[in-house]
file my_file24.txt (compact mmCIF, C-alpha atoms)
# COMPACT_ATOMS: atom_id res chain seq x y z
CA MET A 261 85.12 140.62 119.64
CA GLN A 262 85.20 136.84 119.16
CA PHE A 263 86.03 137.43 115.50
CA VAL A 264 88.96 139.71 116.35
CA ILE A 265 90.39 137.18 118.86
CA ALA A 266 89.97 134.27 116.41
CA PHE A 267 91.49 136.35 113.59
CA ILE A 268 94.57 137.27 115.64
CA LEU A 269 94.93 133.68 116.84
CA ALA A 270 94.78 132.38 113.25
CA ILE A 271 97.45 134.86 112.13
CA ALA A 272 99.66 133.94 115.13
CA LEU A 273 99.26 130.23 114.31
CA MET A 274 100.17 130.85 110.68
CA ALA A 275 103.31 132.74 111.69
CA ALA A 276 104.31 130.09 114.25
CA ASP A 277 103.79 127.28 111.74
CA HIS A 278 105.52 129.03 108.86
CA TYR A 279 108.55 130.52 110.59
CA GLY A 280 109.13 128.01 113.37
CA LYS A 281 108.90 124.33 114.12
CA LEU A 282 106.74 124.94 117.19
CA MET A 283 103.54 123.55 115.76
CA GLY A 284 104.76 120.02 114.90
CA SER A 285 103.27 118.34 117.98
CA PHE A 286 100.06 120.38 117.69
CA ARG A 287 99.65 119.21 114.11
CA SER A 288 100.25 115.64 115.29
CA VAL A 289 97.39 116.04 117.79
CA LEU A 290 95.12 117.29 114.99
CA LEU A 291 96.18 114.41 112.74
CA THR A 292 95.46 111.90 115.51
CA THR A 293 91.98 113.43 115.77
CA LEU A 294 91.58 113.08 112.01
CA ASN A 295 92.64 109.40 111.88
CA PRO A 296 89.10 108.00 112.31
CA ILE A 297 87.82 110.51 109.72
CA GLU A 298 90.47 109.40 107.20
CA GLN A 299 89.55 105.78 107.87
CA ALA A 300 85.85 106.51 107.40
CA ALA A 301 86.60 108.36 104.16
CA THR A 302 88.62 105.48 102.69
CA PHE A 303 86.13 102.81 103.82
CA PRO A 304 83.90 102.95 100.67
CA LYS A 305 86.99 102.59 98.45
CA GLN A 306 88.21 99.63 100.50
CA VAL A 307 84.82 97.93 100.16
CA TYR A 308 84.81 98.65 96.41
CA ASP A 309 88.32 97.19 96.05
CA LEU A 310 87.29 94.13 98.01
CA VAL A 311 84.19 93.56 95.90
CA THR A 312 85.91 94.13 92.56
CA THR A 313 88.96 91.99 93.33
CA ASP A 314 88.85 88.78 91.33
CA PHE A 315 89.00 85.58 93.27
CA THR A 316 92.14 83.91 92.01
CA SER A 317 92.29 80.20 91.42
CA MET A 318 94.66 77.81 93.16
CA ASP A 319 96.68 77.36 89.96
CA GLU A 320 97.16 81.10 89.58
CA LEU A 321 98.30 81.36 93.20
CA LYS A 322 100.79 78.54 92.68
CA LEU A 323 102.13 80.25 89.57
CA THR A 324 102.47 83.61 91.36
CA ASN A 325 104.18 81.86 94.27
CA GLN A 326 106.64 80.22 91.89
CA LYS A 327 107.38 83.56 90.21
CA LEU A 328 107.94 85.27 93.56
CA LYS A 329 110.27 82.49 94.73
CA THR A 330 112.34 82.88 91.55
CA GLU A 331 112.42 86.64 92.02
CA ILE A 332 113.56 86.28 95.64
CA LEU A 333 116.34 83.93 94.53
CA LEU A 334 117.59 86.40 91.91
CA LEU A 335 117.40 89.30 94.37
CA LYS A 336 119.29 87.31 97.02
CA ALA A 337 122.04 86.65 94.48
CA LYS A 338 122.18 90.38 93.71
CA VAL A 339 122.32 91.24 97.42
CA GLN A 340 125.30 88.92 97.82
CA GLN A 341 127.09 90.76 95.01
CA PHE A 342 126.09 94.08 96.58
CA ASN A 343 127.43 93.04 99.99
CA ASN A 344 130.74 92.08 98.40
CA MET A 345 130.88 95.42 96.59
CA GLU A 346 130.05 97.28 99.78
CA LEU A 347 132.91 95.60 101.63
CA GLU A 348 135.26 96.20 98.70
CA ILE A 349 134.38 99.91 98.56
CA ALA A 350 134.76 100.27 102.35
CA ARG A 351 138.19 98.60 102.10
CA LEU A 352 139.32 100.84 99.20
CA GLU A 353 138.02 103.94 100.94
CA GLY A 354 139.89 102.87 104.06
CA LEU A 355 143.08 102.61 101.99
CA LEU A 356 142.49 106.03 100.44
CA GLY A 357 141.64 107.52 103.83
CA THR A 358 138.35 108.98 102.64
CA THR A 359 135.10 108.84 104.57
CA GLY A 360 132.66 106.05 103.79
CA LYS A 361 129.89 106.87 101.34
CA MET A 362 127.94 103.64 101.59
CA ASP A 363 125.06 104.18 103.98
CA ASN A 364 123.96 101.42 106.22
CA GLN A 365 120.18 101.38 106.03
CA SER A 366 117.57 99.19 107.61
CA VAL A 367 114.01 99.16 106.34
CA GLN A 368 110.52 98.88 107.73
CA ILE A 369 107.56 97.87 105.55
CA ALA A 370 104.43 100.06 105.73
CA THR A 371 101.09 100.17 103.94
CA VAL A 372 99.67 103.27 102.27
CA THR A 373 96.30 104.03 103.87
CA PHE A 374 95.55 107.43 102.38
CA PHE A 375 96.67 109.32 99.29
CA SER A 376 96.16 113.00 98.56
CA SER A 377 97.16 114.52 95.27
CA ASN A 378 96.20 118.06 94.42
CA PRO A 379 98.18 121.21 93.54
CA LEU A 380 98.09 122.40 97.18
CA SER A 381 99.66 119.34 98.77
CA GLN A 382 100.79 115.90 97.73
CA PHE A 383 101.17 113.38 100.52
CA ILE A 384 100.41 109.83 101.58
CA THR A 385 99.55 108.41 104.98
CA LEU A 386 101.21 105.21 106.22
CA ASN A 387 99.98 102.74 108.82
CA LYS A 388 103.13 103.03 110.94
CA GLY A 389 103.67 105.71 113.57
CA ASN A 390 105.50 106.66 116.76
CA LEU A 391 104.69 103.31 118.35
CA ASP A 392 106.60 101.59 115.52
CA LYS A 393 109.55 103.95 116.11
CA VAL A 394 108.86 105.93 112.95
CA ALA A 395 110.21 109.48 113.25
CA GLU A 396 110.08 112.69 111.23
CA GLN A 397 112.56 113.11 108.34
CA GLN A 398 112.80 109.36 107.69
CA VAL A 399 112.92 108.62 103.99
CA VAL A 400 110.25 106.54 102.25
CA ILE A 401 110.94 104.54 99.09
CA ASP A 402 109.15 102.02 96.89
CA GLU A 403 110.73 99.37 94.68
CA GLN A 404 111.58 102.03 92.05
CA GLY A 405 113.04 104.86 94.10
CA ILE A 406 112.51 107.70 96.58
CA MET A 407 108.91 108.72 97.24
CA GLY A 408 109.35 111.39 99.93
CA GLN A 409 110.03 111.95 103.59
CA ILE A 410 108.01 111.68 106.79
CA ILE A 411 106.87 115.06 108.04
CA ASN A 412 104.32 114.22 110.75
CA THR A 413 103.75 111.24 112.97
CA THR A 414 100.90 110.14 115.21
CA PRO A 415 101.06 107.09 117.50
CA THR A 416 99.73 104.77 114.76
CA THR A 417 100.20 106.62 111.46
CA SER A 418 102.68 108.87 109.70
CA ARG A 419 102.36 111.33 106.85
CA VAL A 420 104.82 111.39 103.96
CA LEU A 421 105.37 114.54 101.92
CA LEU A 422 105.89 113.36 98.34
CA ILE A 423 108.77 114.68 96.23
CA THR A 424 106.14 116.09 93.83
CA ASP A 425 104.80 118.47 96.51
CA PRO A 426 105.62 122.14 95.71
CA ASP A 427 107.13 122.56 99.23
CA HIS A 428 109.52 119.63 98.85
CA GLN A 429 113.18 119.92 97.84
CA ILE A 430 115.80 117.22 97.60
CA PRO A 431 119.53 117.56 96.79
CA VAL A 432 120.30 115.36 93.78
CA ARG A 433 122.85 114.63 91.07
CA ILE A 434 122.53 113.41 87.51
CA GLN A 435 123.75 109.81 87.57
CA ARG A 436 125.52 109.96 84.17
CA THR A 437 127.53 113.15 84.76
CA GLY A 438 127.51 113.67 88.53
CA GLN A 439 126.19 117.23 88.03
CA ARG A 440 124.51 118.39 91.25
CA GLY A 441 121.22 120.25 91.55
CA ILE A 442 118.08 120.63 93.62
CA LEU A 443 114.91 118.79 92.71
CA THR A 444 111.65 120.45 93.65
CA GLY A 445 108.02 119.38 93.25
CA THR A 446 105.56 121.12 90.95
CA GLY A 447 102.32 119.80 92.43
CA HIS A 448 101.42 118.06 89.17
CA ASP A 449 102.98 114.60 89.61
CA SER A 450 106.24 115.92 88.18
CA VAL A 451 109.40 117.58 89.48
CA THR A 452 111.75 120.34 88.32
CA LEU A 453 115.54 120.15 88.43
CA LEU A 454 116.99 123.51 89.45
CA PHE A 455 120.43 125.12 89.15
CA ILE A 456 121.74 123.18 86.15
CA PRO A 457 123.78 125.66 84.03
CA LYS A 458 123.18 125.93 80.28
CA ASN A 459 126.62 124.52 79.41
CA SER A 460 125.94 121.23 81.28
CA SER A 461 125.64 117.92 79.50
CA VAL A 462 122.03 116.89 80.18
CA GLN A 463 119.87 114.57 78.10
CA VAL A 464 116.25 113.52 78.15
CA GLY A 465 116.13 110.12 79.84
CA ASP A 466 119.01 110.83 82.26
CA LEU A 467 118.43 109.34 85.70
CA ILE A 468 118.52 111.68 88.69
CA GLU A 469 119.63 110.17 92.00
CA SER A 470 119.88 111.50 95.54
CA SER A 471 123.26 113.11 96.27
CA GLY A 472 123.17 112.60 100.03
CA LEU A 473 123.99 116.27 100.69
CA GLY A 474 122.01 117.66 103.60
CA LYS A 475 122.14 114.24 105.32
CA VAL A 476 118.38 113.69 105.15
CA PHE A 477 118.21 111.56 102.00
CA PRO A 478 120.75 108.75 101.64
CA SER A 479 123.04 108.93 98.64
CA GLY A 480 122.54 106.94 95.43
CA TYR A 481 118.79 106.22 95.39
CA PRO A 482 116.97 106.86 92.07
CA VAL A 483 114.57 109.81 92.26
CA ALA A 484 113.39 110.85 88.80
CA ARG A 485 114.07 110.62 85.08
CA ILE A 486 114.48 113.76 82.92
CA SER A 487 111.54 114.16 80.56
CA LYS A 488 111.92 117.68 79.13
CA ILE A 489 114.72 120.22 78.77
CA LYS A 490 114.05 123.83 77.83
CA GLU A 491 116.55 126.60 77.29
CA LEU A 492 115.45 130.14 78.14
CA GLU A 493 117.43 133.03 76.68
CA GLU A 494 117.35 135.29 79.74
CA ASP A 495 117.97 132.50 82.26
CA PRO A 496 121.51 131.18 82.94
CA TYR A 497 120.03 127.83 84.02
CA LEU A 498 118.16 125.18 82.06
CA GLU A 499 114.49 124.54 82.73
CA ILE A 500 114.40 120.80 83.35
CA THR A 501 111.27 118.79 84.02
CA ALA A 502 111.48 115.22 85.29
CA THR A 503 109.13 112.36 86.09
CA PRO A 504 109.50 110.63 89.48
CA VAL A 505 110.54 106.99 89.21
CA ALA A 506 108.55 106.02 92.31
CA ASN A 507 104.98 105.04 91.58
CA SER A 508 103.29 107.06 94.32
CA ARG A 509 99.76 106.83 92.89
CA GLN A 510 99.71 103.03 92.74
CA ALA A 511 102.06 102.16 95.61
CA HIS A 512 100.46 100.02 98.29
CA LYS A 513 103.46 98.75 100.22
CA VAL A 514 106.42 101.05 100.82
CA LEU A 515 109.68 100.97 102.75
CA ILE A 516 110.67 103.39 105.51
CA LEU A 517 114.44 103.76 105.70
CA THR A 518 116.18 103.94 109.04
CA GLN A 519 119.80 104.98 109.29
CA LYS A 520 121.76 102.44 111.32
CA PRO A 521 124.79 103.64 113.28
CA LYS A 522 127.85 103.29 111.06
CA VAL A 523 130.32 100.53 111.81
CA ASN A 524 133.96 101.44 111.37
CA PRO A 525 135.66 98.79 109.18
CA ASN A 526 138.86 99.19 111.20
CA ASP A 527 137.10 98.17 114.45
CA MET B 467 55.45 123.78 112.58
CA THR B 468 57.61 126.37 110.82
CA ASP B 469 57.54 128.60 113.93
CA ARG B 470 58.78 125.76 116.11
CA PHE B 471 61.51 125.04 113.59
CA LEU B 472 62.57 128.67 113.51
CA ASN B 473 62.72 128.82 117.29
CA LEU B 474 64.88 125.73 117.57
CA GLU B 475 67.88 126.19 119.90
CA LEU B 476 71.38 124.91 119.13
CA ALA B 477 71.36 122.90 122.37
CA GLN B 478 68.33 120.93 121.11
CA ALA B 479 69.95 119.97 117.81
CA ARG B 480 73.53 119.68 119.08
CA TRP B 481 74.01 116.07 117.95
CA LEU B 482 72.63 116.69 114.50
CA VAL B 483 74.92 119.70 114.04
CA LEU B 484 77.96 117.73 115.22
CA LEU B 485 77.11 114.77 113.01
CA THR B 486 76.63 116.94 109.91
CA LEU B 487 79.92 118.77 110.53
CA LEU B 488 81.64 115.39 110.93
CA LEU B 489 80.00 114.25 107.70
CA GLY B 490 81.32 117.42 106.05
CA LEU B 491 84.86 116.57 107.18
CA ILE B 492 84.50 112.99 105.90
CA LEU B 493 83.19 114.24 102.53
CA ASP B 494 86.05 116.75 102.23
CA THR B 495 88.52 113.96 103.04
CA MET B 496 86.91 111.74 100.40
CA MET B 497 87.22 114.54 97.85
CA SER B 498 90.92 114.94 98.61
CA LEU B 499 91.35 111.29 97.58
CA GLN B 500 90.07 112.15 94.12
CA ASP B 501 91.39 114.47 91.45
CA ALA B 502 87.98 116.19 91.62
CA GLN B 503 89.04 118.15 94.68
CA LEU B 504 89.53 121.39 92.75
CA LEU B 505 85.92 121.30 91.57
CA ALA B 506 84.37 120.05 94.81
CA PRO B 507 83.09 122.70 97.22
CA PRO B 508 84.21 122.60 100.87
CA MET B 509 81.29 120.64 102.35
CA THR B 510 82.29 121.41 105.94
CA LEU B 511 81.97 125.12 105.18
CA LEU B 512 78.55 124.62 103.54
CA PHE B 513 77.24 122.73 106.59
CA LEU B 514 78.66 125.42 108.86
CA MET B 515 77.02 128.15 106.77
CA TYR B 516 73.67 126.40 107.03
CA TRP B 517 73.80 126.10 110.82
CA SER B 518 75.13 129.68 111.19
CA ALA B 519 72.01 130.91 109.41
CA GLN B 520 69.69 128.68 111.45
CA PHE B 521 70.81 129.35 115.02
CA LEU B 522 70.73 133.09 115.50
CA LYS B 523 71.78 133.12 119.15
CA ASN B 524 75.19 131.61 118.43
CA THR B 525 78.19 133.06 116.58
CA HIS B 526 79.67 129.68 115.46
CA LEU B 527 83.10 131.33 115.21
CA ILE B 528 84.75 128.82 117.57
CA ALA B 529 83.37 125.96 115.48
CA ALA B 530 84.61 127.72 112.33
CA PHE B 531 88.08 128.10 113.86
CA ILE B 532 88.34 124.46 114.97
CA LEU B 533 87.02 123.10 111.67
CA GLY B 534 89.48 125.31 109.79
CA LEU B 535 92.36 123.94 111.87
CA LEU B 536 91.26 120.37 111.19
CA LEU B 537 91.15 121.07 107.45
CA ASP B 538 94.63 122.61 107.66
CA ALA B 539 95.88 119.36 109.18
CA LEU B 540 93.95 117.34 106.61
CA TYR B 541 95.22 119.23 103.55
CA GLN B 542 98.74 119.72 104.97
CA THR B 543 98.46 123.50 104.60
CA ILE B 544 99.93 126.08 106.99
CA LEU B 545 98.08 125.86 110.30
CA GLY B 546 95.65 128.72 110.71
CA THR B 547 95.04 129.46 107.02
CA HIS B 548 91.80 127.52 106.65
CA ALA B 549 90.82 128.73 110.13
CA LEU B 550 91.30 132.31 108.91
CA ILE B 551 89.23 131.70 105.77
CA PHE B 552 86.46 129.95 107.73
CA ILE B 553 86.12 132.64 110.41
CA THR B 554 86.15 135.41 107.78
CA ILE B 555 83.35 133.81 105.75
CA THR B 556 81.37 132.90 108.88
CA PHE B 557 81.71 136.50 110.09
CA ILE B 558 80.29 137.83 106.79
CA MET B 559 77.44 135.32 107.10
CA LEU B 560 76.73 136.43 110.69
CA ARG B 561 76.35 140.04 109.54
CA TYR B 562 73.78 139.18 106.87
CA ARG B 563 72.17 135.96 108.12
CA LEU B 564 68.74 137.49 108.81
CA LEU B 565 68.61 138.72 105.23
CA PHE B 566 69.97 135.35 104.04
CA ARG B 567 67.18 133.47 105.86
CA SER B 568 64.54 135.61 104.23
CA HIS B 569 65.62 134.47 100.75
CA SER B 570 64.28 131.45 98.91
CA VAL B 571 66.58 128.42 98.63
CA LEU B 572 67.53 129.31 95.07
CA GLN B 573 68.39 132.88 96.05
CA GLN B 574 70.41 131.47 98.96
CA ALA B 575 72.28 129.27 96.45
CA LEU B 576 73.27 132.39 94.51
CA VAL B 577 74.57 133.99 97.72
CA MET B 578 76.52 130.78 98.42
CA VAL B 579 78.23 131.18 95.04
CA PHE B 580 79.52 134.51 96.36
CA TYR B 581 80.71 132.94 99.65
CA LEU B 582 82.45 130.12 97.77
CA PHE B 583 84.08 132.66 95.50
CA VAL B 584 85.43 134.46 98.61
CA TYR B 585 86.72 131.05 99.78
CA GLN B 586 88.51 130.42 96.48
CA PHE B 587 89.89 133.94 96.31
CA LEU B 588 91.35 133.74 99.84
CA SER B 589 92.72 130.24 99.08
CA TYR B 590 94.37 131.61 95.97
CA LEU B 591 95.95 134.47 97.93
CA LEU B 592 97.16 132.29 100.80
CA TYR B 593 98.33 129.15 98.97
CA ALA B 594 99.27 130.54 95.53
CA PRO B 595 98.60 127.13 93.93
CA VAL B 596 100.49 126.30 90.74
CA LEU B 597 97.68 125.47 88.31
CA ASP B 598 97.73 124.51 84.68
CA GLN B 599 95.03 125.81 82.33
CA GLN B 600 92.55 123.02 82.96
CA GLN B 601 93.04 123.14 86.72
CA SER B 602 92.59 126.93 86.70
CA ILE B 603 89.24 126.55 84.99
CA ARG B 604 88.13 123.93 87.53
CA PHE B 605 89.44 126.05 90.41
CA TRP B 606 87.44 129.15 89.43
CA LEU B 607 84.35 127.13 88.41
CA MET B 608 84.09 125.56 91.87
CA PRO B 609 81.88 128.35 93.40
CA PHE B 610 79.18 127.60 90.82
CA THR B 611 78.83 124.03 92.12
CA GLY B 612 77.18 125.71 95.11
CA LEU B 613 74.17 126.38 92.86
CA ILE B 614 73.51 122.64 92.69
CA ILE B 615 74.72 121.51 96.09
CA TRP B 616 73.22 124.21 98.32
CA PRO B 617 69.52 123.54 97.46
CA ILE B 618 70.02 119.79 98.03
CA LEU B 619 71.89 120.37 101.29
CA ALA B 620 69.54 123.06 102.64
CA LEU B 621 66.34 121.17 101.81
CA SER B 622 67.70 117.89 103.21
CA LEU B 623 68.81 119.50 106.47
CA ARG B 624 65.52 121.40 106.79
CA TRP B 625 63.55 118.20 106.26
CA LEU B 626 65.75 116.31 108.74
CA THR B 627 65.49 119.04 111.40
CA GLN B 628 61.74 119.24 111.08
CA LYS B 629 61.41 115.45 111.20
CA LEU B 630 63.59 115.11 114.29
CA TYR B 631 62.69 118.14 116.37
CA THR B 632 59.19 119.31 115.53
CA HIS B 633 56.81 116.71 116.95
call {"tool": "encode", "arguments": {"input": "my_file24.txt", "output": "structure tokens"}}
result
Amino acid sequence: MQFVIAFILAIALMAADHYGKLMGSFRSVLLTTLNPIEQAATFPKQVYDLVTTDFTSMDELKLTNQKLKTEILLLKAKVQQFNNMELEIARLEGLLGTTGKMDNQSVQIATVTFFSSNPLSQFITLNKGNLDKVAEQQVVIDEQGIMGQIINTTPTTSRVLLITDPDHQIPVRIQRTGQRGILTGTGHDSVTLLFIPKNSSVQVGDLIESSGLGKVFPSGYPVARISKIKELEEDPYLEITATPVANSRQAHKVLILTQKPKVNPND
Amino acid sequence: MTDRFLNLELAQARWLVLLTLLLGLILDTMMSLQDAQLLAPPMTLLFLMYWSAQFLKNTHLIAAFILGLLLDALYQTILGTHALIFITITFIMLRYRLLFRSHSVLQQALVMVFYLFVYQFLSYLLYAPVLDQQQSIRFWLMPFTGLIIWPILALSLRWLTQKLYTH
């Protein structure tokens, strides 16, 4: 009898989780329960990393500091140019009467505390959660490009579904041609670009960026680079494989994007 | 001594059971950090199987259900799928546990290969993982790791139970 009840309950849970969004908070409760277990599981690796890390000398630290200062200076100069461009585009778009495409994003830095990569699911856990105002569907990037989006949050952590996960899809366009498509994960640290017709101009090495359609991912962020193109006779679309630009396996610090309310340039 | 061990009640060894199940969850979490996950057996399930065979007065189905749910959250799979697999395998174990207990540890390890194969088969049906050739081999070889792990696990837990509860 217990087996029958548990069996029915499991099936009901599966249906509720698959066809509805009812189980989000229940999953968050389970993840909160699992937080200490995840921490215990990563503890030996943390100790190993601590022990194997070389103690750097003062000179090396000074050199690194100098490099970072130079890098910050160059980046600040680029940001100034970018700000000017942003204003210029907003002004031109205002003249043309079109809607603004430049998204106003603010970022939050988070640390990767857990990484899971297997064909069933590819995700990372971050050390920021509800208490840090992190919410579901926020986009996570590293210095190279988009890594994924937040799918579950607990008070102190959040889980990011990587773009390489088989359940993940992201609307994209090829930067060189503007051709739109959908990028989906394969579960093997690579992604597939869908719905690109055979007569399209696509090359190996082309950069794929987010198109902003669907309003979840902001427009213009690099996502992947095309690594293989295959033409199948019976299929009207090309079979395109790409490699994500974000370094999800090695990433330690990542950025969580938050959409700021848009400011009207005419105000 | 053996008689006392066989007559041990779940209430007496509650903490040991809980700790081993927790250890199973930690080990499964550690495996998911590595690429070896496809070849690593579900340790939580193995611990659960051991205790299901030891405590005959309990069904362990609630524990199987809760552990399955926790693994669903851990692996980011659809909630209820691991719970379904766990209760199905535990139910089969409950039907044959008296026979299972009468076997030697090596014979039990062979039976565990069957249980782990059921686990992999149900996982394959429910998750339809996209596997390349090498991953497929690792995926279907996983049940055979039970041949090595079960004797170590069963003998360690037997020794620990006897040491702690049969004075």
call {"tool": "interface_residues", "arguments": {"input": "my_file24.txt", "of": "chain B", "to": "chain A", "cutoff": "6 Å", "atoms": "all atoms listed in the file", "output": "JSON, numbers by chain"}}
result
{"B": [492, 496, 498, 499, 545, 546, 550, 595]}
call {"tool": "closest_residue", "arguments": {"input": "my_file24.txt", "among": "B:Ala620, B:Ile558, B:Leu613, B:Leu630", "to": "Gln478 of chain B", "atoms": "only C-alpha atoms"}}
result
B:Leu630
call {"tool": "atom_distance", "arguments": {"input": "my_file24.txt", "atom1": "atom CA of Ala506 of chain A", "atom2": "atom CA of Ile349 of chain A"}}
result
27.3 Å
call {"tool": "residues_around", "arguments": {"input": "my_file24.txt", "residues": "segment 580-587 of chain B", "least_positions_apart": "4", "cutoff": "12 Å", "atoms": "all atoms listed in the file", "output": "PyMOL selection string"}}
result
chain B and resi 504-512+515+534+547-559+562+566+573-576+591-595+602+604-613+615-616
call {"tool": "atom_distance", "arguments": {"input": "my_file24.txt", "atom1": "atom CA of Leu386 of chain A", "atom2": "atom CA of Arg509 of chain A"}}
result
13.5 Å
call {"tool": "residues_around", "arguments": {"input": "my_file24.txt", "residues": "segment 389-402 of chain A", "least_positions_apart": "3", "cutoff": "8 Å", "atoms": "only C-alpha atoms", "output": "JSON, numbers by chain"}}
result
{"A": [386, 405, 406, 407, 408, 409, 410, 411, 412, 413, 414, 415, 416, 417, 418, 420, 476, 477, 506, 507, 511, 513, 514, 515, 516, 517, 518]}
call {"tool": "closest_residue", "arguments": {"input": "my_file24.txt", "among": "A:Gln326, A:Gln340, A:Thr424, A:Gln463", "to": "Arg436 of chain A", "atoms": "all atoms listed in the file"}}
result
A:Gln463
